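Okay, upload.pdb now, which holds PDB, N, CA and C atoms:
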ATOM      1  N   MET A   1     108.677 172.455 143.456
ATOM      2  CA  MET A   1     108.931 172.129 144.844
ATOM      3  C   MET A   1     110.056 171.107 144.901
ATOM      4  N   SER A   2     110.961 171.313 145.820
ATOM      5  CA  SER A   2     112.129 170.451 145.930
ATOM      6  C   SER A   2     112.080 169.665 147.243
ATOM      7  N   PHE A   3     112.403 168.388 147.138
ATOM      8  CA  PHE A   3     112.405 167.523 148.314
ATOM      9  C   PHE A   3     113.782 166.903 148.473
ATOM     10  N   THR A   4     114.111 166.549 149.702
ATOM     11  CA  THR A   4     115.394 165.898 149.966
ATOM     12  C   THR A   4     115.271 164.399 149.674
ATOM     13  N   GLN A   5     116.402 163.761 149.530
ATOM     14  CA  GLN A   5     116.443 162.314 149.308
ATOM     15  C   GLN A   5     115.766 161.588 150.475
ATOM     16  N   ALA A   6     116.006 162.069 151.680
ATOM     17  CA  ALA A   6     115.396 161.452 152.868
ATOM     18  C   ALA A   6     113.874 161.568 152.826
ATOM     19  N   GLU A   7     113.363 162.689 152.352
ATOM     20  CA  GLU A   7     111.908 162.864 152.251
ATOM     21  C   GLU A   7     111.315 161.911 151.219
ATOM     22  N   TYR A   8     112.008 161.722 150.101
ATOM     23  CA  TYR A   8     111.528 160.754 149.109
ATOM     24  C   TYR A   8     111.531 159.338 149.667
ATOM     25  N   ILE A   9     112.571 158.998 150.384
ATOM     26  CA  ILE A   9     112.670 157.653 150.954
ATOM     27  C   ILE A   9     111.562 157.416 151.984
ATOM     28  N   GLU A  10     111.290 158.404 152.811
ATOM     29  CA  GLU A  10     110.210 158.261 153.799
ATOM     30  C   GLU A  10     108.851 158.181 153.117
ATOM     31  N   ALA A  11     108.641 158.975 152.094
ATOM     32  CA  ALA A  11     107.375 158.923 151.349
ATOM     33  C   ALA A  11     107.194 157.543 150.727
ATOM     34  N   LYS A  12     108.277 156.987 150.173
ATOM     35  CA  LYS A  12     108.217 155.650 149.587
ATOM     36  C   LYS A  12     107.857 154.616 150.646
ATOM     37  N   ARG A  13     108.445 154.727 151.795
ATOM     38  CA  ARG A  13     108.155 153.782 152.886
ATOM     39  C   ARG A  13     106.684 153.851 153.283
ATOM     40  N   GLN A  14     106.163 155.064 153.387
ATOM     41  CA  GLN A  14     104.763 155.240 153.767
ATOM     42  C   GLN A  14     103.815 154.698 152.696
ATOM     43  N   ILE A  15     104.134 154.949 151.450
ATOM     44  CA  ILE A  15     103.284 154.459 150.364
ATOM     45  C   ILE A  15     103.342 152.939 150.281
ATOM     46  N   ASP A  16     104.519 152.360 150.459
ATOM     47  CA  ASP A  16     104.638 150.893 150.479
ATOM     48  C   ASP A  16     103.735 150.299 151.560
ATOM     49  N   SER A  17     103.736 150.918 152.725
ATOM     50  CA  SER A  17     102.910 150.444 153.836
ATOM     51  C   SER A  17     101.423 150.545 153.501
ATOM     52  N   THR A  18     101.033 151.669 152.943
ATOM     53  CA  THR A  18      99.631 151.882 152.585
ATOM     54  C   THR A  18      99.199 150.913 151.491
ATOM     55  N   LEU A  19     100.058 150.693 150.510
ATOM     56  CA  LEU A  19      99.744 149.741 149.443
ATOM     57  C   LEU A  19      99.536 148.334 149.998
ATOM     58  N   HIS A  20     100.393 147.939 150.912
ATOM     59  CA  HIS A  20     100.248 146.618 151.532
ATOM     60  C   HIS A  20      98.878 146.497 152.199
ATOM     61  N   LYS A  21      98.494 147.511 152.945
ATOM     62  CA  LYS A  21      97.201 147.486 153.645
ATOM     63  C   LYS A  21      96.040 147.476 152.665
ATOM     64  N   LEU A  22      96.135 148.260 151.598
ATOM     65  CA  LEU A  22      95.070 148.284 150.599
ATOM     66  C   LEU A  22      94.935 146.941 149.896
ATOM     67  N   ARG A  23      96.053 146.320 149.567
ATOM     68  CA  ARG A  23      96.004 145.009 148.908
ATOM     69  C   ARG A  23      95.379 143.954 149.819
ATOM     70  N   GLU A  24      95.692 144.025 151.095
ATOM     71  CA  GLU A  24      95.085 143.101 152.053
ATOM     72  C   GLU A  24      93.582 143.359 152.178
ATOM     73  N   THR A  25      93.189 144.613 152.139
ATOM     74  CA  THR A  25      91.765 144.972 152.187
ATOM     75  C   THR A  25      91.033 144.386 150.994
ATOM     76  N   VAL A  26      91.627 144.512 149.803
ATOM     77  CA  VAL A  26      91.002 143.961 148.596
ATOM     78  C   VAL A  26      90.849 142.453 148.741
ATOM     79  N   LYS A  27      91.892 141.769 149.193
ATOM     80  CA  LYS A  27      91.809 140.312 149.386
ATOM     81  C   LYS A  27      90.676 139.952 150.334
ATOM     82  N   THR A  28      90.589 140.683 151.435
ATOM     83  CA  THR A  28      89.556 140.409 152.431
ATOM     84  C   THR A  28      88.161 140.623 151.849
ATOM     85  N   LEU A  29      87.961 141.732 151.180
ATOM     86  CA  LEU A  29      86.638 142.033 150.620
ATOM     87  C   LEU A  29      86.251 141.037 149.530
ATOM     88  N   GLU A  30      87.224 140.603 148.744
ATOM     89  CA  GLU A  30      86.935 139.641 147.674
ATOM     90  C   GLU A  30      86.524 138.282 148.216
ATOM     91  N   THR A  31      86.948 137.952 149.414
ATOM     92  CA  THR A  31      86.625 136.637 149.975
ATOM     93  C   THR A  31      85.388 136.656 150.879
ATOM     94  N   LYS A  32      84.788 137.815 151.044
ATOM     95  CA  LYS A  32      83.565 137.897 151.844
ATOM     96  C   LYS A  32      82.471 137.070 151.176
ATOM     97  N   GLU A  33      81.534 136.608 151.977
ATOM     98  CA  GLU A  33      80.458 135.750 151.484
ATOM     99  C   GLU A  33      79.657 136.421 150.370
ATOM    100  N   HIS A  34      79.315 137.675 150.544
ATOM    101  CA  HIS A  34      78.562 138.415 149.529
ATOM    102  C   HIS A  34      79.431 139.554 149.015
ATOM    103  N   ALA A  35      80.454 139.185 148.280
ATOM    104  CA  ALA A  35      81.448 140.158 147.811
ATOM    105  C   ALA A  35      80.825 141.255 146.958
ATOM    106  N   GLU A  36      79.733 140.951 146.284
ATOM    107  CA  GLU A  36      79.087 141.968 145.444
ATOM    108  C   GLU A  36      78.577 143.154 146.266
ATOM    109  N   ARG A  37      78.327 142.945 147.532
ATOM    110  CA  ARG A  37      77.899 144.027 148.415
ATOM    111  C   ARG A  37      79.000 145.074 148.605
ATOM    112  N   TYR A  38      80.211 144.656 148.401
ATOM    113  CA  TYR A  38      81.366 145.514 148.671
ATOM    114  C   TYR A  38      81.989 146.057 147.385
ATOM    115  N   GLN A  39      81.220 146.050 146.298
ATOM    116  CA  GLN A  39      81.768 146.448 145.001
ATOM    117  C   GLN A  39      82.303 147.875 145.009
ATOM    118  N   SER A  40      81.602 148.799 145.653
ATOM    119  CA  SER A  40      82.076 150.187 145.661
ATOM    120  C   SER A  40      83.367 150.323 146.471
ATOM    121  N   GLN A  41      83.460 149.602 147.590
ATOM    122  CA  GLN A  41      84.682 149.642 148.385
ATOM    123  C   GLN A  41      85.853 149.014 147.627
ATOM    124  N   LEU A  42      85.560 147.926 146.893
ATOM    125  CA  LEU A  42      86.596 147.283 146.090
ATOM    126  C   LEU A  42      87.084 148.205 144.971
ATOM    127  N   THR A  43      86.152 148.858 144.311
ATOM    128  CA  THR A  43      86.522 149.787 143.241
ATOM    129  C   THR A  43      87.385 150.912 143.793
ATOM    130  N   LEU A  44      86.984 151.483 144.905
ATOM    131  CA  LEU A  44      87.748 152.562 145.517
ATOM    132  C   LEU A  44      89.143 152.092 145.903
ATOM    133  N   ALA A  45      89.247 150.937 146.533
ATOM    134  CA  ALA A  45      90.554 150.411 146.946
ATOM    135  C   ALA A  45      91.442 150.149 145.733
ATOM    136  N   ARG A  46      90.877 149.583 144.674
ATOM    137  CA  ARG A  46      91.670 149.313 143.466
ATOM    138  C   ARG A  46      92.151 150.607 142.819
ATOM    139  N   ARG A  47      91.309 151.617 142.784
ATOM    140  CA  ARG A  47      91.712 152.909 142.223
ATOM    141  C   ARG A  47      92.805 153.556 143.070
ATOM    142  N   ARG A  48      92.697 153.420 144.358
ATOM    143  CA  ARG A  48      93.734 153.959 145.241
ATOM    144  C   ARG A  48      95.053 153.222 145.038
ATOM    145  N   ILE A  49      94.982 151.916 144.860
ATOM    146  CA  ILE A  49      96.186 151.134 144.609
ATOM    147  C   ILE A  49      96.863 151.639 143.337
ATOM    148  N   GLU A  50      96.093 151.853 142.284
ATOM    149  CA  GLU A  50      96.667 152.357 141.028
ATOM    150  C   GLU A  50      97.323 153.723 141.235
ATOM    151  N   ALA A  51      96.653 154.598 141.963
ATOM    152  CA  ALA A  51      97.199 155.939 142.199
ATOM    153  C   ALA A  51      98.484 155.872 143.022
ATOM    154  N   PHE A  52      98.503 155.054 144.044
ATOM    155  CA  PHE A  52      99.701 154.926 144.867
ATOM    156  C   PHE A  52     100.842 154.262 144.098
ATOM    157  N   GLU A  53     100.521 153.310 143.229
ATOM    158  CA  GLU A  53     101.567 152.688 142.416
ATOM    159  C   GLU A  53     102.201 153.713 141.479
ATOM    160  N   LEU A  54     101.382 154.595 140.907
ATOM    161  CA  LEU A  54     101.902 155.654 140.052
ATOM    162  C   LEU A  54     102.801 156.588 140.854
ATOM    163  N   ALA A  55     102.332 157.012 142.019
ATOM    164  CA  ALA A  55     103.131 157.893 142.879
ATOM    165  C   ALA A  55     104.441 157.214 143.277
ATOM    166  N   LEU A  56     104.369 155.945 143.580
ATOM    167  CA  LEU A  56     105.558 155.197 143.973
ATOM    168  C   LEU A  56     106.574 155.143 142.830
ATOM    169  N   ALA A  57     106.096 154.925 141.618
ATOM    170  CA  ALA A  57     106.995 154.889 140.464
ATOM    171  C   ALA A  57     107.695 156.231 140.284
ATOM    172  N   LEU A  58     106.955 157.316 140.451
ATOM    173  CA  LEU A  58     107.552 158.646 140.316
ATOM    174  C   LEU A  58     108.571 158.916 141.420
ATOM    175  N   ILE A  59     108.252 158.497 142.622
ATOM    176  CA  ILE A  59     109.180 158.685 143.743
ATOM    177  C   ILE A  59     110.448 157.859 143.519
ATOM    178  N   GLU A  60     110.277 156.620 143.069
ATOM    179  CA  GLU A  60     111.442 155.769 142.814
ATOM    180  C   GLU A  60     112.320 156.376 141.721
ATOM    181  N   ARG A  61     111.701 156.975 140.716
ATOM    182  CA  ARG A  61     112.470 157.642 139.658
ATOM    183  C   ARG A  61     113.275 158.815 140.228
ATOM    184  N   GLU A  62     112.650 159.579 141.104
ATOM    185  CA  GLU A  62     113.331 160.712 141.732
ATOM    186  C   GLU A  62     114.495 160.246 142.608
ATOM    187  N   ILE A  63     114.295 159.146 143.310
ATOM    188  CA  ILE A  63     115.355 158.611 144.167
ATOM    189  C   ILE A  63     116.550 158.180 143.305
ATOM    190  N   LYS A  64     116.266 157.496 142.187
ATOM    191  CA  LYS A  64     117.333 157.047 141.285
ATOM    192  C   LYS A  64     118.087 158.218 140.685
ATOM    193  N   GLU A  65     117.354 159.246 140.288
ATOM    194  CA  GLU A  65     117.981 160.403 139.633
ATOM    195  C   GLU A  65     118.667 161.339 140.622
ATOM    196  N   GLY A  66     118.251 161.186 141.912
ATOM    197  CA  GLY A  66     118.729 162.073 142.970
ATOM    198  C   GLY A  66     120.177 162.194 143.067
TER     199      GLY A  66
END

What would the structure in this file look like if it were written as structure tokens?
Amino acid sequence: MSFTQAEYIEAKRQIDSTLHKLRETVKTLETKEHAERYQSQLTLARRRIEAFELALALIEREIKEG
């Protein structure tokens, strides 16, 4: 599948935005009074952050090579 440079740039912008929100969510959940209650949500958010960081790296590589 082939994408345009503009599509990669927009995807990067969207992922950057989502990553920012996920990181803020993790910070918020970690500071809750009973943070252990939110362990599953924290695990999910951290896994999503890792997946989006991987996708972002691949997109950035495509933009550079474009």

- Task: Run the PyMOL selection byres (((chain A and resi 9-24 and name CA) around 8) and name CA) on the file and write out the hits as a count of residues only.
- Result: 18

- Task: Quick one: pull the distance between CA of Gly66 (chain A) and CA of Phe3 (chain A), Å, one decimal.
- Result: 9.9 Å

- Query: Do you have the CA of Thr4 (chain A)-CA of Arg61 (chain A) distance handy?
  - Reply: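 Distance between the two atoms: 13.5 Å.
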
- Item | Atomic separation - atom C of Glu50 (chain A) relative to atom N of Thr31 (chain A), Å |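 Here the two named atoms are 20.6 Å from each other.
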
- Residues of chain A in alpha helix (DSSP H) according to DSSP, as a ChimeraX atom specification? /A:5-30,39-65

Box dimensions and centre (Å, one decimal) enclosing region 31-48 of chain A, axis-aligned, 6 Å extra per side, as AutoDock Vina command-line options:
--center_x 86.5 --center_y 144.9 --center_z 147.1 --size_x 29.2 --size_y 30.2 --size_z 21.8
